[in-house]
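Peer 1: What follows is a structure written as structure tokens; I'll ask about it next.
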Amino acid sequence: MIKKRTIRSIPQKRTPVRELDPKVRVTNFEEVNCGYTEPEAMLESERCLFCPDPKCIGGCPVSINIPAFIKKIGEKDFRGAYDVITATNLLPAVCGRVCPQENQCEGVCVVGENLEPVAIGRMERFVGDLAIANNWVNLPFIEPAKYRIGIVGSGPAGMACAADMAKAGCDVTVFEAFHLAGGVLRYGIPDFRLPNTVVDAEIEKLEQLGVRFECNTLVGRLFTIEQMIEELGFHAVFIGTGAGYPSMLGIPGDSLNGVLSANELLTRCNLMAARNFPDVDTPLPLGKHVVVVGAGNTAMDALRVCQRLGAEKVTCVYRRSKTECPARAEEVHHAEQEGIEFHWLTNPVEIIDDGAGSVAGMRCIRMELGEPDDSGRRRPLPVKGSEFEIETDQVVFAIGTNANPIIGQTSKLKLNKWGYLETNAELMTSIAGVFAGGDIVTGAATVIEAMGAGRKAARGMKAYLGLRDVGPVNDAATLFGIDLSEHNFNRIRA
Amino acid sequence: MTREDYSDVTYMLEIHHPLMARAAKPGQFVIVMSHREGERIPLTIADFDAERGTITLVIQAVGKTTLEMQQTCRAGTSLYGMAGPMGIPSNPGSAKKVICVGGGLGVAPVYPQARALKQNGAYVIGVLGFRNKDLIFWEEKFRAICDELIICTDDGSAGLKGFVTDGINQALENHKDVGEVVAIGPPVMMKASAEATRARGVKTMVSLNPIMVDGTGMCGGCRVKIGDEVKFACVDGPDFDGHKVDFDDLMIRLRRYKEEERVATERWSETCRMRMVDGKVVPLPE
């Protein structure tokens, strides 16, 4: 019997993770966070208190049984840990890297009340990477269900829904408009944060489950959602097309050459590999001094991509302060380490023309924080007379996206006033059998939230098709969280 | 894929894609990727045939990708990727008399629109502009569907000597009841056509082809100024009201990657010159 752990008996500090030296890494696209080694992961697992009422599970959008997998790591049963995670989360190697853990599982970790929280994300990634290295796949026994499912979009929402439906025995086809599958994991998140090899590995796992990917297929235009149900023989459809329709600020000069959306920058760099131009054909000319507007994860990615592509100076401009910035803490920290300059409480008012249609500079105004707004964050207000100029020759907007209009243009699906798809609580749209989830329903959010929506839609889809939803099976050693040996136990306590 | 060459620089590819041939409508475009390391280029659909299952593209070899495709896209080969049909289809409208204007390569994409208008029962006047007689293509195809056809050449080597605007003016003089003009071609030509009709107040639709990456509304690279609004040509277009388009902005934005295009084309013509040997594409010997 292990001695019960207390907040005093566990290692007080988080096990640090090895990272590439900022000086070296700004010259390449290699992954910054090197991940835990086996002894590091086991050491960190000792920091979990195995709380009787674990808060972390509730903090996870897909309710991974976190203490159970940490326990398995501590027992050196890494395959067992993988089995626990994949009972609810398909992509541990991806989520361990890109989830904002500080707002989810780690944010509610009981250890975190007094010490640094348990490094759940790092341990999850350790298990995910080990699974890829050893080619572990949890291929359940699948009973064919005679249903055909069409998934529109191969991003995280589509992948999660595809996996669940394939496990339920359905014949699943995923349609992707780009020439490569993966959605935002492919075009958006750069290699130094999520290597493409990890995305490839996760897609391969889906293919092993029997999921087919059809690329170069623009649903809506090549065939419509209605045609999928009525003519192409799909019994149910899931739409996970994301929210990509980048916002521009709408200030003077935002159509100048040298002004682009973060989506365009990242797509050129990641999907089209423009950083290797002219070995590949897609160009990505870079300014000497790049300014990125916004401070979400996409902004951090854009900043760090520009730094790696060789910009002399890279600056972030954000209208609120660092406290309100929506990016993952680790990303801001890495960006700062890499020498990126931050102008907090600054808002652009005009991009200046060099006379030939290109960017010559940007005029900004300082902001101060007022009363909290609807989002609960303090509203930024301009400070009169505080305008100043930043010298720049390239401006990148990373200020969010709007709903992509293609599905709305080509189907009769009901949209809300912002153009996002309207769904009921089971994520079914206004057409029976057509489900939707992820950014196209909620607006821009995170990878794990999209995956959670994909899984939720799969549950709704199974109910719609009359398939039994097995759901996560209880750990054999416990039932309702009670140890089996105590399950029928009625001894009078001494 | 089958192929036909119209001149030293213009070639036609007919691509077998039955599903897309069935879905395509006039005014739409495709994104083509010729090989894995290639760029994604938007090309307006020049014709489609649902029965034969083909999509027709007419391409002018002007940059690295189109030059390379001229070398490698032979009958029987496949493209690495082609996605579409993209964009909102043209709305043929209710006009009883329409002028369809095609300039240079724009002659090809205006064809399906002219055909659709004809099928709708409109009186179709074709105005086609080329630099010289040798560059003319699809004259017969247009004759078959147009009630009147005016060919213009810059040097007067065939038809009317002058630009398409001269053809438009001639047609508007002869027909006072023209309800709509559809103009497709280089931005300068579309701008001139829109100016020619503005004074007469004839509705003029143009098809914009700015620089794109994805073609699905995701990157915003193709944004264009239409009146006071910013629109994405790939999902909000490609057809817009020619009297509202800011062509100067479009032309500046089209120059964005001029330098990179030059680098890529030079590098390609120096190092990757290809030739056909026994039906295979191989590099030229030193």
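All residue names refer to the structure tokens as shown: chains lettered A, B, ... in order, residues numbered from 1 in each chain, ligands numbered from 1 in order.
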Kindly provide the residues of chain A that approach chain B to within 6 Å, each paired with its closest atom pair and their distance in Å to one decimal, based on only C-alpha atoms, listed by chain and increasing number, as CSV.

Peer 2:
residue,atom,partner,partner_atom,distance
A:Asn216,CA,B:Ala83,CA,4.7
A:Thr217,CA,B:Ala83,CA,5.9
A:Leu218,CA,B:Gly84,CA,6.0
A:Arg221,CA,B:Pro85,CA,5.8
A:Leu222,CA,B:Ala23,CA,5.6
A:Gly244,CA,B:Met218,CA,4.6
A:Tyr245,CA,B:Met218,CA,4.9
A:Asn257,CA,B:Arg253,CA,6.0
A:Asn263,CA,B:Cys219,CA,5.0
A:Glu264,CA,B:Cys219,CA,4.3
A:Pro278,CA,B:Ala264,CA,5.9
A:Val280,CA,B:Glu37,CA,4.9
A:Asp281,CA,B:Gly38,CA,5.0
A:Thr282,CA,B:Glu39,CA,4.9

Peer 1: Write the residues of the selection above to a file with N, CA, C and O atoms, as an mmCIF file, in the first residue's frame.

Peer 2:
data_model
loop_
_atom_site.group_PDB
_atom_site.id
_atom_site.type_symbol
_atom_site.label_atom_id
_atom_site.label_comp_id
_atom_site.auth_asym_id
_atom_site.auth_seq_id
_atom_site.Cartn_x
_atom_site.Cartn_y
_atom_site.Cartn_z
ATOM 1 N N ASN A 216 -9.239 17.736 -51.623
ATOM 2 C CA ASN A 216 -9.616 18.522 -52.807
ATOM 3 C C ASN A 216 -11.123 18.489 -53.050
ATOM 4 O O ASN A 216 -11.575 18.511 -54.188
ATOM 5 N N THR A 217 -11.900 18.397 -51.991
ATOM 6 C CA THR A 217 -13.348 18.288 -52.144
ATOM 7 C C THR A 217 -14.021 19.426 -51.386
ATOM 8 O O THR A 217 -14.012 19.436 -50.151
ATOM 9 N N LEU A 218 -14.538 20.383 -52.112
ATOM 10 C CA LEU A 218 -15.185 21.527 -51.479
ATOM 11 C C LEU A 218 -16.679 21.252 -51.375
ATOM 12 O O LEU A 218 -17.422 21.456 -52.333
ATOM 13 N N ARG A 221 -20.052 23.311 -52.780
ATOM 14 C CA ARG A 221 -19.929 23.666 -54.195
ATOM 15 C C ARG A 221 -19.820 22.440 -55.105
ATOM 16 O O ARG A 221 -20.407 22.408 -56.176
ATOM 17 N N LEU A 222 -19.047 21.430 -54.684
ATOM 18 C CA LEU A 222 -18.927 20.231 -55.522
ATOM 19 C C LEU A 222 -20.209 19.412 -55.405
ATOM 20 O O LEU A 222 -20.713 18.870 -56.373
ATOM 21 N N GLY A 244 -13.115 29.936 -40.478
ATOM 22 C CA GLY A 244 -12.168 30.765 -41.227
ATOM 23 C C GLY A 244 -12.776 31.760 -42.183
ATOM 24 O O GLY A 244 -13.237 31.400 -43.244
ATOM 25 N N TYR A 245 -12.840 32.984 -41.819
ATOM 26 C CA TYR A 245 -13.111 34.110 -42.706
ATOM 27 C C TYR A 245 -12.530 35.282 -41.940
ATOM 28 O O TYR A 245 -13.217 35.893 -41.131
ATOM 29 N N ASN A 257 -0.512 46.405 -49.868
ATOM 30 C CA ASN A 257 0.358 45.234 -49.973
ATOM 31 C C ASN A 257 1.251 45.184 -48.740
ATOM 32 O O ASN A 257 1.826 46.181 -48.327
ATOM 33 N N ASN A 263 -4.102 34.019 -40.910
ATOM 34 C CA ASN A 263 -4.446 32.796 -41.637
ATOM 35 C C ASN A 263 -3.652 32.670 -42.924
ATOM 36 O O ASN A 263 -3.166 31.596 -43.256
ATOM 37 N N GLU A 264 -3.539 33.783 -43.656
ATOM 38 C CA GLU A 264 -2.805 33.712 -44.925
ATOM 39 C C GLU A 264 -1.325 33.440 -44.649
ATOM 40 O O GLU A 264 -0.716 32.574 -45.271
ATOM 41 N N PRO A 278 12.607 29.510 -52.968
ATOM 42 C CA PRO A 278 11.907 29.055 -54.173
ATOM 43 C C PRO A 278 11.982 27.543 -54.448
ATOM 44 O O PRO A 278 11.691 27.156 -55.570
ATOM 45 N N VAL A 280 9.901 25.504 -53.164
ATOM 46 C CA VAL A 280 8.483 25.292 -53.439
ATOM 47 C C VAL A 280 7.997 26.560 -54.132
ATOM 48 O O VAL A 280 8.680 27.583 -54.107
ATOM 49 N N ASP A 281 6.806 26.504 -54.736
ATOM 50 C CA ASP A 281 6.394 27.607 -55.599
ATOM 51 C C ASP A 281 5.649 28.727 -54.888
ATOM 52 O O ASP A 281 5.446 29.788 -55.452
ATOM 53 N N THR A 282 5.164 28.486 -53.647
ATOM 54 C CA THR A 282 4.373 29.509 -52.977
ATOM 55 C C THR A 282 5.293 30.507 -52.277
ATOM 56 O O THR A 282 6.098 30.107 -51.440
#

Peer 1: Please provide the set of residues having any atom within 7 Å of B:Gly242, restricted to only C-alpha atoms, with same-chain residues fewer than 2 positions apart removed, written as a PyMOL selection string.

Peer 2: chain B and resi 194+204-206+240+244-245

Peer 1: Could you find all residues in stretch 42-118 of chain B that DSSP calls strand (DSSP E) from the backbone, and write them as a PDB file with N, CA, C and O atoms, in the first residue's frame?

Peer 2:
ATOM      1  N   PRO B  42      -5.703  29.964 -58.903  1.00  0.00           N
ATOM      2  CA  PRO B  42      -7.103  29.987 -59.325  1.00  0.00           C
ATOM      3  C   PRO B  42      -7.199  30.116 -60.839  1.00  0.00           C
ATOM      4  O   PRO B  42      -6.494  30.913 -61.446  1.00  0.00           O
ATOM      5  N   LEU B  43      -8.054  29.313 -61.454  1.00  0.00           N
ATOM      6  CA  LEU B  43      -8.281  29.398 -62.899  1.00  0.00           C
ATOM      7  C   LEU B  43      -9.790  29.363 -63.150  1.00  0.00           C
ATOM      8  O   LEU B  43     -10.479  28.500 -62.603  1.00  0.00           O
ATOM      9  N   THR B  44     -10.273  30.304 -63.935  1.00  0.00           N
ATOM     10  CA  THR B  44     -11.713  30.330 -64.202  1.00  0.00           C
ATOM     11  C   THR B  44     -12.063  29.185 -65.151  1.00  0.00           C
ATOM     12  O   THR B  44     -11.307  28.871 -66.067  1.00  0.00           O
ATOM     13  N   ASP B  47     -15.043  25.998 -69.718  1.00  0.00           N
ATOM     14  CA  ASP B  47     -16.173  25.234 -70.226  1.00  0.00           C
ATOM     15  C   ASP B  47     -16.311  23.987 -69.364  1.00  0.00           C
ATOM     16  O   ASP B  47     -15.374  23.592 -68.667  1.00  0.00           O
ATOM     17  N   PHE B  48     -17.495  23.388 -69.418  1.00  0.00           N
ATOM     18  CA  PHE B  48     -17.707  22.145 -68.684  1.00  0.00           C
ATOM     19  C   PHE B  48     -18.729  21.332 -69.453  1.00  0.00           C
ATOM     20  O   PHE B  48     -19.571  21.889 -70.152  1.00  0.00           O
ATOM     21  N   ASP B  49     -18.610  20.035 -69.354  1.00  0.00           N
ATOM     22  CA  ASP B  49     -19.495  19.163 -70.099  1.00  0.00           C
ATOM     23  C   ASP B  49     -19.887  18.009 -69.186  1.00  0.00           C
ATOM     24  O   ASP B  49     -19.096  17.099 -68.933  1.00  0.00           O
ATOM     25  N   THR B  54     -16.159  16.495 -68.208  1.00  0.00           N
ATOM     26  CA  THR B  54     -14.901  17.237 -68.324  1.00  0.00           C
ATOM     27  C   THR B  54     -15.036  18.701 -67.904  1.00  0.00           C
ATOM     28  O   THR B  54     -16.107  19.298 -67.994  1.00  0.00           O
ATOM     29  N   ILE B  55     -13.919  19.234 -67.440  1.00  0.00           N
ATOM     30  CA  ILE B  55     -13.770  20.648 -67.101  1.00  0.00           C
ATOM     31  C   ILE B  55     -12.698  21.187 -68.039  1.00  0.00           C
ATOM     32  O   ILE B  55     -11.630  20.584 -68.165  1.00  0.00           O
ATOM     33  N   THR B  56     -12.972  22.321 -68.688  1.00  0.00           N
ATOM     34  CA  THR B  56     -12.001  22.884 -69.627  1.00  0.00           C
ATOM     35  C   THR B  56     -11.362  24.130 -69.023  1.00  0.00           C
ATOM     36  O   THR B  56     -12.060  24.991 -68.497  1.00  0.00           O
ATOM     37  N   LEU B  57     -10.042  24.190 -69.082  1.00  0.00           N
ATOM     38  CA  LEU B  57      -9.316  25.365 -68.603  1.00  0.00           C
ATOM     39  C   LEU B  57      -8.472  25.888 -69.754  1.00  0.00           C
ATOM     40  O   LEU B  57      -7.852  25.103 -70.484  1.00  0.00           O
ATOM     41  N   VAL B  58      -8.451  27.201 -69.930  1.00  0.00           N
ATOM     42  CA  VAL B  58      -7.545  27.789 -70.917  1.00  0.00           C
ATOM     43  C   VAL B  58      -6.515  28.596 -70.148  1.00  0.00           C
ATOM     44  O   VAL B  58      -6.858  29.431 -69.318  1.00  0.00           O
ATOM     45  N   ILE B  59      -5.263  28.287 -70.394  1.00  0.00           N
ATOM     46  CA  ILE B  59      -4.188  28.828 -69.565  1.00  0.00           C
ATOM     47  C   ILE B  59      -3.168  29.543 -70.434  1.00  0.00           C
ATOM     48  O   ILE B  59      -2.846  29.097 -71.534  1.00  0.00           O
ATOM     49  N   GLN B  60      -2.663  30.658 -69.896  1.00  0.00           N
ATOM     50  CA  GLN B  60      -1.614  31.385 -70.584  1.00  0.00           C
ATOM     51  C   GLN B  60      -0.335  31.210 -69.781  1.00  0.00           C
ATOM     52  O   GLN B  60      -0.341  31.412 -68.562  1.00  0.00           O
ATOM     53  N   GLY B  81      -3.690  18.185 -57.774  1.00  0.00           N
ATOM     54  CA  GLY B  81      -4.968  18.475 -57.119  1.00  0.00           C
ATOM     55  C   GLY B  81      -5.757  19.521 -57.875  1.00  0.00           C
ATOM     56  O   GLY B  81      -5.198  20.435 -58.469  1.00  0.00           O
ATOM     57  N   MET B  82      -7.067  19.359 -57.881  1.00  0.00           N
ATOM     58  CA  MET B  82      -7.940  20.389 -58.440  1.00  0.00           C
ATOM     59  C   MET B  82      -9.189  20.433 -57.564  1.00  0.00           C
ATOM     60  O   MET B  82      -9.869  19.425 -57.411  1.00  0.00           O
ATOM     61  N   ALA B  83      -9.447  21.585 -56.956  1.00  0.00           N
ATOM     62  CA  ALA B  83     -10.609  21.713 -56.069  1.00  0.00           C
ATOM     63  C   ALA B  83     -11.574  22.734 -56.644  1.00  0.00           C
ATOM     64  O   ALA B  83     -11.173  23.744 -57.208  1.00  0.00           O
ATOM     65  N   GLY B  84     -12.844  22.468 -56.489  1.00  0.00           N
ATOM     66  CA  GLY B  84     -13.854  23.387 -56.995  1.00  0.00           C
ATOM     67  C   GLY B  84     -15.148  22.645 -57.243  1.00  0.00           C
ATOM     68  O   GLY B  84     -15.295  21.535 -56.769  1.00  0.00           O
ATOM     69  N   PRO B  85     -16.097  23.206 -57.935  1.00  0.00           N
ATOM     70  CA  PRO B  85     -16.081  24.571 -58.478  1.00  0.00           C
ATOM     71  C   PRO B  85     -16.239  25.590 -57.349  1.00  0.00           C
ATOM     72  O   PRO B  85     -17.030  25.375 -56.438  1.00  0.00           O
ATOM     73  N   MET B  86     -15.476  26.664 -57.403  1.00  0.00           N
ATOM     74  CA  MET B  86     -15.505  27.653 -56.333  1.00  0.00           C
ATOM     75  C   MET B  86     -16.177  28.943 -56.792  1.00  0.00           C
ATOM     76  O   MET B  86     -16.249  29.228 -57.972  1.00  0.00           O
ATOM     77  N   LYS B  97     -31.049  41.616 -73.878  1.00  0.00           N
ATOM     78  CA  LYS B  97     -29.940  41.819 -74.817  1.00  0.00           C
ATOM     79  C   LYS B  97     -28.658  42.053 -74.015  1.00  0.00           C
ATOM     80  O   LYS B  97     -28.615  42.936 -73.166  1.00  0.00           O
ATOM     81  N   VAL B  98     -27.647  41.223 -74.272  1.00  0.00           N
ATOM     82  CA  VAL B  98     -26.441  41.268 -73.451  1.00  0.00           C
ATOM     83  C   VAL B  98     -25.206  41.297 -74.335  1.00  0.00           C
ATOM     84  O   VAL B  98     -25.153  40.612 -75.369  1.00  0.00           O
ATOM     85  N   ILE B  99     -24.210  42.091 -73.929  1.00  0.00           N
ATOM     86  CA  ILE B  99     -22.919  42.054 -74.619  1.00  0.00           C
ATOM     87  C   ILE B  99     -21.960  41.245 -73.748  1.00  0.00           C
ATOM     88  O   ILE B  99     -21.785  41.540 -72.561  1.00  0.00           O
ATOM     89  N   CYS B 100     -21.348  40.198 -74.331  1.00  0.00           N
ATOM     90  CA  CYS B 100     -20.350  39.415 -73.601  1.00  0.00           C
ATOM     91  C   CYS B 100     -18.983  39.773 -74.134  1.00  0.00           C
ATOM     92  O   CYS B 100     -18.685  39.550 -75.307  1.00  0.00           O
ATOM     93  N   VAL B 101     -18.153  40.361 -73.252  1.00  0.00           N
ATOM     94  CA  VAL B 101     -16.858  40.865 -73.682  1.00  0.00           C
ATOM     95  C   VAL B 101     -15.755  39.971 -73.123  1.00  0.00           C
ATOM     96  O   VAL B 101     -15.704  39.723 -71.916  1.00  0.00           O
ATOM     97  N   GLY B 102     -14.875  39.500 -73.987  1.00  0.00           N
ATOM     98  CA  GLY B 102     -13.730  38.725 -73.533  1.00  0.00           C
ATOM     99  C   GLY B 102     -12.466  39.337 -74.079  1.00  0.00           C
ATOM    100  O   GLY B 102     -12.382  39.610 -75.278  1.00  0.00           O
ATOM    101  N   GLY B 103     -11.497  39.577 -73.209  1.00  0.00           N
ATOM    102  CA  GLY B 103     -10.230  40.144 -73.657  1.00  0.00           C
ATOM    103  C   GLY B 103      -9.118  39.145 -73.447  1.00  0.00           C
ATOM    104  O   GLY B 103      -8.910  38.679 -72.348  1.00  0.00           O
TER     105      GLY B 103
END

Peer 1: Which polymer residues have any atom within 9 Å of an atom of A:Ala327, counting only C-alpha atoms, with same-chain residues fewer than 2 positions away left out, as number ranges by chain?

Peer 2: A: 100, 295-300, 325, 329-332

Peer 1: Run DSSP on the backbone and tell me which residues of stretch 265-490 of chain A come out as alpha helix (DSSP H); list them as a ChimeraX atom specification.

Peer 2: /A:265-266,297-309,329-337,406-410,439-442,447-465

Peer 1: Neighbours of A:Gly310 within 10 Å (only C-alpha atoms; same-chain residues fewer than 2 positions away dropped), as a VMD selection string?

Peer 2: chain A and resid 26 to 28 286 to 289 305 to 308 312 to 314

Peer 1: Report as a ChimeraX atom specification all protein, DNA and RNA residues lying within 9 Å of A:Thr86, evaluated on only C-alpha atoms, omitting residues in the same chain fewer than 6 positions from it.

Peer 2: /A:64,92,138

Peer 1: Let me see the file: selected residues, N, CA and C atoms, as a short mmCIF file (atom, residue, chain, number, x, y, z; two decimals), in the first residue's frame.

Peer 2:
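Contents of result.cif, freshly written:
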data_model
loop_
_atom_site.label_atom_id
_atom_site.label_comp_id
_atom_site.auth_asym_id
_atom_site.auth_seq_id
_atom_site.Cartn_x
_atom_site.Cartn_y
_atom_site.Cartn_z
N ILE A 64 -11.25 13.57 -19.65
CA ILE A 64 -10.26 12.49 -19.53
C ILE A 64 -10.17 12.11 -18.05
N PRO A 92 -4.01 12.46 -27.95
CA PRO A 92 -3.24 12.97 -26.82
C PRO A 92 -1.99 13.74 -27.23
N ASN A 138 -5.59 1.82 -30.36
CA ASN A 138 -6.65 1.08 -29.69
C ASN A 138 -7.74 0.78 -30.69
#

Peer 1: Can you measure atom CA of A:Pro67 to atom CA of A:Pro16 for me? One decimal in Å is fine.

Peer 2: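 Atom CA of A:Pro16 lies 20.0 Å from atom CA of A:Pro67.
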
Peer 1: Report, in Å to a single decimal, how far apart atom CA of B:Ile145 and atom CA of B:Gly27 are.

Peer 2: 17.0 Å

Peer 1: For B:Lys176, work out the shell of residues within 12 Å, counting only C-alpha atoms and skipping chain neighbours fewer than 2 positions away, then give it as a PDB file with C-alpha atoms, in the first residue's frame.

Peer 2:
ATOM      1  CA  LYS B  97     -29.940  41.819 -74.817  1.00  0.00           C
ATOM      2  CA  VAL B  98     -26.441  41.268 -73.451  1.00  0.00           C
ATOM      3  CA  ILE B  99     -22.919  42.054 -74.619  1.00  0.00           C
ATOM      4  CA  ILE B 168     -18.403  47.739 -76.982  1.00  0.00           C
ATOM      5  CA  ASN B 169     -19.022  51.295 -78.199  1.00  0.00           C
ATOM      6  CA  GLN B 170     -19.926  50.046 -81.674  1.00  0.00           C
ATOM      7  CA  ALA B 171     -22.375  47.501 -80.223  1.00  0.00           C
ATOM      8  CA  LEU B 172     -23.922  50.071 -77.873  1.00  0.00           C
ATOM      9  CA  GLU B 173     -24.348  52.496 -80.792  1.00  0.00           C
ATOM     10  CA  ASN B 174     -26.155  49.885 -82.852  1.00  0.00           C
ATOM     11  CA  VAL B 178     -28.617  46.515 -74.230  1.00  0.00           C
ATOM     12  CA  GLY B 179     -29.542  45.491 -70.685  1.00  0.00           C
ATOM     13  CA  GLU B 180     -26.266  44.149 -69.408  1.00  0.00           C
ATOM     14  CA  THR B 197     -20.557  51.599 -70.080  1.00  0.00           C
ATOM     15  CA  ARG B 200     -24.610  55.006 -70.555  1.00  0.00           C
ATOM     16  CA  GLY B 201     -25.615  53.489 -67.257  1.00  0.00           C
ATOM     17  CA  VAL B 202     -25.528  49.906 -68.532  1.00  0.00           C
TER      18      VAL B 202
END

Peer 1: Compile the contact shell of A:Leu369 as a count of residues only: residues with an atom at most 9 Å away, counting only C-alpha atoms, same-chain residues fewer than 5 positions apart removed.

Peer 2: 8

Peer 1: Quick check, in Å to one decimal: how far apart do atom CA of A:Ile142 and atom CA of A:Asp200 lie?

Peer 2: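 These atoms are spaced 23.2 Å apart.
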